[in-house]
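Heads up, data.cif below (mmCIF, C-alpha atoms and all ligand atoms):
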data_query
loop_
_atom_site.label_atom_id
_atom_site.label_comp_id
_atom_site.auth_asym_id
_atom_site.auth_seq_id
_atom_site.Cartn_x
_atom_site.Cartn_y
_atom_site.Cartn_z
CA MET F 13 -5.80 -48.50 7.12
CA LYS F 14 -5.07 -48.54 3.39
CA GLN F 15 -3.81 -44.97 3.51
CA GLU F 16 -1.44 -45.90 6.33
CA SER F 17 0.03 -48.74 4.28
CA TRP F 18 0.32 -46.59 1.16
CA THR F 19 2.16 -43.92 3.15
CA GLU F 20 4.44 -46.50 4.75
CA MET F 21 5.30 -47.90 1.32
CA ASP F 22 5.84 -44.42 -0.14
CA ASP F 23 8.17 -43.58 2.76
CA TYR F 24 10.16 -46.70 1.99
CA ILE F 25 10.33 -45.98 -1.77
CA CYS F 26 11.26 -42.34 -1.24
CA SER F 27 13.92 -43.18 1.32
CA ARG F 28 15.63 -45.52 -1.16
CA LEU F 29 14.96 -43.98 -4.58
CA ALA F 30 13.77 -40.40 -4.31
CA ARG F 31 15.50 -38.88 -1.33
CA GLU F 32 15.00 -35.14 -1.15
CA ASP F 33 18.01 -32.90 -0.80
CA LEU F 34 18.12 -29.58 1.03
CA ALA F 35 16.63 -27.55 -1.84
CA LEU F 36 13.59 -29.83 -2.20
CA ASN F 37 13.08 -29.94 1.58
CA VAL F 38 13.30 -26.17 1.80
CA ALA F 39 10.85 -25.81 -1.10
CA LEU F 40 8.29 -27.91 0.75
CA GLU F 41 8.86 -26.29 4.14
CA ASP F 42 8.62 -22.85 2.59
CA SER F 43 5.41 -23.77 0.79
CA VAL F 44 3.85 -24.94 4.07
CA ARG F 45 5.03 -21.82 5.88
CA ALA F 46 3.53 -19.61 3.16
CA GLY F 47 0.19 -21.40 3.53
CA LEU F 48 0.16 -22.93 0.05
CA PRO F 49 -2.19 -25.91 -0.38
CA PRO F 50 -0.18 -29.12 0.19
CA VAL F 51 -0.84 -30.49 -3.30
CA ASN F 52 2.74 -30.71 -4.53
CA VAL F 53 3.65 -34.06 -6.07
CA PRO F 54 5.28 -36.51 -3.63
CA PRO F 55 9.05 -37.06 -4.04
CA ASN F 56 8.81 -40.37 -5.93
CA GLN F 57 6.40 -38.78 -8.42
CA GLY F 58 8.67 -35.76 -8.74
CA LYS F 59 11.47 -38.17 -9.57
CA PHE F 60 9.16 -39.93 -12.03
CA LEU F 61 8.55 -36.64 -13.88
CA TYR F 62 12.29 -35.95 -13.81
CA LEU F 63 13.01 -39.36 -15.31
CA LEU F 64 10.35 -38.99 -18.01
CA ALA F 65 11.75 -35.60 -19.03
CA LYS F 66 15.27 -37.04 -19.06
CA ILE F 67 14.23 -40.11 -21.06
CA ARG F 68 12.59 -37.76 -23.53
CA GLY F 69 15.80 -35.68 -23.67
CA ALA F 70 13.67 -32.60 -23.07
CA ARG F 71 15.33 -29.24 -23.66
CA ARG F 72 12.14 -27.17 -23.44
CA ILE F 73 9.63 -27.97 -20.70
CA LEU F 74 6.28 -26.30 -20.10
CA GLU F 75 4.56 -26.55 -16.72
CA ILE F 76 1.02 -25.32 -16.10
CA GLY F 77 0.63 -24.72 -12.36
CA THR F 78 3.87 -23.77 -10.55
CA LEU F 79 2.54 -23.66 -6.99
CA GLY F 80 5.66 -23.47 -4.74
CA GLY F 81 8.02 -24.72 -7.45
CA TYR F 82 8.53 -28.22 -6.07
CA SER F 83 7.83 -30.12 -9.31
CA THR F 84 9.49 -27.27 -11.21
CA ILE F 85 12.75 -28.06 -9.41
CA TRP F 86 12.50 -31.75 -10.31
CA LEU F 87 11.79 -30.87 -13.95
CA ALA F 88 14.54 -28.25 -14.20
CA ARG F 89 17.05 -30.78 -12.89
CA ALA F 90 16.25 -33.04 -15.83
CA LEU F 91 17.37 -30.40 -18.33
CA PRO F 92 20.66 -30.15 -20.21
CA ALA F 93 22.80 -27.02 -19.69
CA ASP F 94 20.91 -25.04 -22.34
CA GLY F 95 17.43 -26.26 -21.29
CA VAL F 96 14.51 -24.21 -19.95
CA VAL F 97 11.33 -24.68 -17.96
CA ILE F 98 8.57 -22.20 -18.58
CA SER F 99 6.15 -22.50 -15.67
CA ILE F 100 2.79 -20.73 -15.56
CA GLU F 101 1.24 -19.64 -12.26
CA ALA F 102 -1.99 -17.68 -11.76
CA LYS F 103 -1.30 -16.57 -8.19
CA THR F 104 1.36 -13.92 -7.56
CA GLU F 105 1.91 -15.16 -3.98
CA HIS F 106 2.55 -18.72 -5.18
CA ALA F 107 4.95 -17.48 -7.85
CA ALA F 108 6.89 -15.48 -5.23
CA VAL F 109 7.35 -18.60 -3.08
CA ALA F 110 8.36 -20.62 -6.15
CA ARG F 111 10.91 -18.05 -7.33
CA LYS F 112 12.56 -18.03 -3.91
CA ASN F 113 12.67 -21.83 -3.82
CA ILE F 114 14.03 -22.07 -7.35
CA GLN F 115 16.69 -19.50 -6.55
CA PHE F 116 17.71 -21.46 -3.44
CA ALA F 117 17.95 -24.56 -5.66
CA LYS F 118 20.28 -22.58 -7.97
CA LEU F 119 17.98 -23.09 -10.93
CA SER F 120 16.84 -19.52 -11.65
CA HIS F 121 18.83 -19.43 -14.91
CA LYS F 122 16.81 -22.38 -16.21
CA VAL F 123 13.33 -21.48 -15.01
CA SER F 124 11.04 -18.74 -16.17
CA ILE F 125 7.84 -18.32 -14.17
CA ILE F 126 5.10 -16.44 -15.97
CA ILE F 127 2.44 -14.99 -13.68
CA GLY F 128 -1.04 -14.92 -15.15
CA ARG F 129 -3.99 -17.03 -16.09
CA ALA F 130 -2.80 -20.05 -18.02
CA VAL F 131 -5.24 -19.55 -20.88
CA GLU F 132 -3.92 -16.05 -21.53
CA THR F 133 -0.28 -17.03 -21.10
CA LEU F 134 -0.70 -19.96 -23.48
CA GLU F 135 -2.46 -17.71 -25.98
CA ASN F 136 0.50 -15.33 -25.83
CA LEU F 137 3.00 -18.14 -26.32
CA ILE F 138 1.04 -19.38 -29.35
CA GLU F 139 0.79 -15.88 -30.78
CA GLU F 140 4.53 -15.30 -30.28
CA LYS F 141 5.15 -18.56 -32.13
CA ALA F 142 7.15 -19.91 -29.20
CA GLU F 143 9.40 -22.83 -30.08
CA PRO F 144 7.49 -26.09 -29.42
CA PHE F 145 7.99 -27.83 -26.10
CA ASP F 146 9.44 -31.33 -25.69
CA PHE F 147 7.71 -32.08 -22.41
CA VAL F 148 4.58 -30.60 -20.83
CA PHE F 149 3.28 -31.10 -17.29
CA ILE F 150 -0.32 -29.99 -16.72
CA ASP F 151 -1.05 -29.63 -13.01
CA ALA F 152 -3.46 -26.72 -12.56
CA ASP F 153 -7.23 -26.25 -12.21
CA LYS F 154 -8.75 -29.50 -13.40
CA ALA F 155 -11.90 -28.00 -14.94
CA ASN F 156 -9.75 -26.25 -17.55
CA TYR F 157 -7.62 -29.27 -18.53
CA PRO F 158 -9.49 -29.71 -21.86
CA LEU F 159 -8.82 -26.09 -22.81
CA TYR F 160 -5.18 -26.36 -21.77
CA LEU F 161 -4.79 -29.49 -23.86
CA HIS F 162 -5.93 -27.76 -27.06
CA MET F 163 -3.52 -24.91 -26.44
CA VAL F 164 -0.64 -27.18 -25.47
CA LEU F 165 -1.07 -29.07 -28.74
CA ALA F 166 -0.50 -25.81 -30.59
CA LEU F 167 2.83 -25.61 -28.73
CA SER F 168 3.79 -29.22 -29.47
CA ARG F 169 5.37 -31.17 -32.31
CA ALA F 170 5.93 -34.85 -33.11
CA GLY F 171 7.69 -36.27 -30.07
CA THR F 172 6.22 -33.95 -27.45
CA VAL F 173 5.27 -35.77 -24.25
CA ILE F 174 2.29 -34.43 -22.30
CA VAL F 175 1.75 -35.59 -18.72
CA CYS F 176 -1.20 -34.45 -16.69
CA ASP F 177 -1.62 -34.87 -12.95
CA ASN F 178 -4.64 -35.87 -10.86
CA ILE F 179 -6.74 -37.88 -13.28
CA VAL F 180 -8.28 -40.10 -10.58
CA ARG F 181 -9.33 -37.72 -7.80
CA ASP F 182 -9.89 -40.48 -5.23
CA GLY F 183 -11.83 -42.50 -7.80
CA ARG F 184 -14.43 -39.82 -8.41
CA VAL F 185 -13.47 -39.70 -12.11
CA GLY F 186 -14.61 -43.30 -12.60
CA ASP F 187 -17.79 -42.76 -10.59
CA PHE F 188 -20.31 -41.42 -13.11
CA THR F 189 -22.69 -40.28 -10.38
CA CYS F 190 -20.11 -37.56 -9.67
CA ASN F 191 -20.29 -34.53 -11.93
CA ALA F 192 -18.14 -31.98 -10.08
CA SER F 193 -16.37 -29.61 -12.48
CA ASP F 194 -12.88 -30.92 -11.67
CA VAL F 195 -14.06 -34.47 -12.39
CA THR F 196 -15.85 -33.63 -15.64
CA GLY F 197 -12.79 -31.63 -16.73
CA ILE F 198 -10.63 -34.73 -16.34
CA ARG F 199 -13.19 -36.95 -18.13
CA GLN F 200 -13.30 -34.51 -21.05
CA TYR F 201 -9.52 -34.43 -21.16
CA ILE F 202 -9.37 -38.25 -21.29
CA ASP F 203 -12.04 -38.35 -24.03
CA LEU F 204 -10.19 -35.70 -26.00
CA VAL F 205 -6.80 -37.43 -26.00
CA ALA F 206 -8.54 -40.76 -26.70
CA GLY F 207 -10.09 -39.31 -29.85
CA MET F 208 -7.05 -37.50 -31.23
CA PRO F 209 -5.48 -39.21 -34.22
CA ARG F 210 -2.09 -37.56 -33.65
CA VAL F 211 -1.85 -38.43 -29.98
CA GLU F 212 -1.24 -41.78 -28.24
CA SER F 213 -2.19 -41.94 -24.59
CA THR F 214 -2.71 -44.02 -21.51
CA ALA F 215 -3.36 -43.34 -17.84
CA LEU F 216 -2.09 -44.93 -14.64
CA GLN F 217 -3.58 -44.94 -11.16
CA THR F 218 -1.27 -44.26 -8.26
CA VAL F 219 -1.62 -44.75 -4.52
CA GLY F 220 0.73 -43.30 -1.95
CA SER F 221 1.25 -40.66 0.69
CA LYS F 222 -1.14 -38.36 -1.23
CA GLY F 223 -3.93 -40.90 -1.45
CA TRP F 224 -5.42 -42.32 -4.65
CA ASP F 225 -4.73 -40.45 -7.87
CA GLY F 226 -2.97 -40.87 -11.19
CA PHE F 227 -1.34 -39.53 -14.34
CA CYS F 228 -2.38 -39.41 -17.97
CA ILE F 229 0.54 -39.58 -20.39
CA SER F 230 0.39 -38.75 -24.08
CA LEU F 231 2.82 -38.75 -26.97
CA VAL F 232 2.22 -36.44 -29.88
CA THR F 233 3.08 -38.57 -32.91
CA ALA F 234 2.60 -36.21 -35.84
C1 LIG K 301 -5.40 -30.93 -5.98
C2 LIG K 301 -4.61 -30.40 -6.96
C3 LIG K 301 -3.45 -31.07 -7.34
O1 LIG K 301 -2.67 -30.62 -8.33
C4 LIG K 301 -3.09 -32.26 -6.72
O2 LIG K 301 -1.96 -32.87 -7.13
C5 LIG K 301 -3.90 -32.79 -5.74
C6 LIG K 301 -5.05 -32.12 -5.35
C7 LIG K 301 -6.63 -30.20 -5.57
O3 LIG K 301 -6.79 -29.06 -5.98
O4 LIG K 301 -7.42 -30.79 -4.88
MG MG K 302 -1.36 -32.12 -9.02
#
Go ahead and render the structure in this file as structure tokens.
Ligand code: DHB
Ligand code: MG
Amino acid sequence: MKQESWTEMDDYICSRLAREDLALNVALEDSVRAGLPPVNVPPNQGKFLYLLAKIRGARRILEIGTLGGYSTIWLARALPADGVVISIEAKTEHAAVARKNIQFAKLSHKVSIIIGRAVETLENLIEEKAEPFDFVFIDADKANYPLYLHMVLALSRAGTVIVCDNIVRDGRVGDFTCNASDVTGIRQYIDLVAGMPRVESTALQTVGSKGWDGFCISLVTA
């Protein structure tokens, strides 16, 4: 009953404010056809990420977890002409779907997908002294969020915005009888950002077509 209402409301919001064009539709259809898990962000949340990146004036965006490239397209569209998204994906098959979708969206010149485990890719970026990112979207395996956070901070500077997806997990994160690894990963992430002197954070719950979930958002201040 609740889910029905949330979906109805999301349909309304998306139809007015976050309508998908052909490239976004194709990205989703392609992802379904390729058998990817249907865990892409919904359109209004894709638009939310796009707006946050634009408000930030992001020129360099880092995404952890490309999947089929749906959120990558939203993020790449927020960039100025000389902007880049570096998106990390562990699964070769997912990256192949994403590359095709990003090409169809005419964004290949702005997006670089790196195939590999995020921890290793992030280590390489740190070692190479990659230019810091302006905006980071963490949307991969939840158990490793705390590890990703530490590494992302090494690729950040004052002004970097870090958004992470799926901090509610249908309320399991607030239910301390639940100790699944995805849930404890999120709790550790929240505790970490809460305790960091150079990071200001909050989190928001969302309901919608994808159920009950939420974002954590942080600003690196020094
Ligand atoms: C899952 C992962 C996601 O990134 C998401 O947005 C929703 C669900 C999952 O693995 O369950
Ligand atoms: Mg997610």
With stretch 210-232 of chain F as the partner and 12 Å as the cut-off, tabulate the residues of stretch 64-119 of chain F that qualify, each row holding the nearest pair of atoms and their distance in Å to one decimal, using all atoms listed in the file, sorted by chain and rising number, as a Markdown table.
| residue | atom | partner | partner_atom | distance |
| --- | --- | --- | --- | --- |
| F:Leu64 | CA | F:Ile229 | CA | 10.1 |
| F:Ala65 | CA | F:Ile229 | CA | 12.0 |
| F:Arg68 | CA | F:Leu231 | CA | 10.4 |
For F:His162, which of F:Asp42, F:Glu135, F:Glu20, F:Glu101 is the closest residue, counting all atoms listed in the file? F:Glu135
Shell of 9 Å around stretch 21-25 of chain F, all atoms listed in the file, local chain residues under 3 positions omitted, as a PyMOL selection string: chain F and resi 16-18+28-31+54-56+219-221
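Closest approach to ligand LIG 301 (chain K) among F:Gly69, F:Pro158, F:Gly77, F:Gly58: F:Gly77, based on all atoms listed in the file.
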Enumerate residues in contact with ligand MG 302 (chain K): an atom-to-atom distance of at most 6 Å, counting all atoms listed in the file. Format the result as a PyMOL selection string. chain F and resi 51+151+177-178
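For the set F:Glu75, F:Asp187, F:Glu132, F:Glu32, the residue with the smallest atom-to-atom gap to ligand LIG 301 (chain K) is F:Glu75, counting only C-alpha atoms and all ligand atoms.
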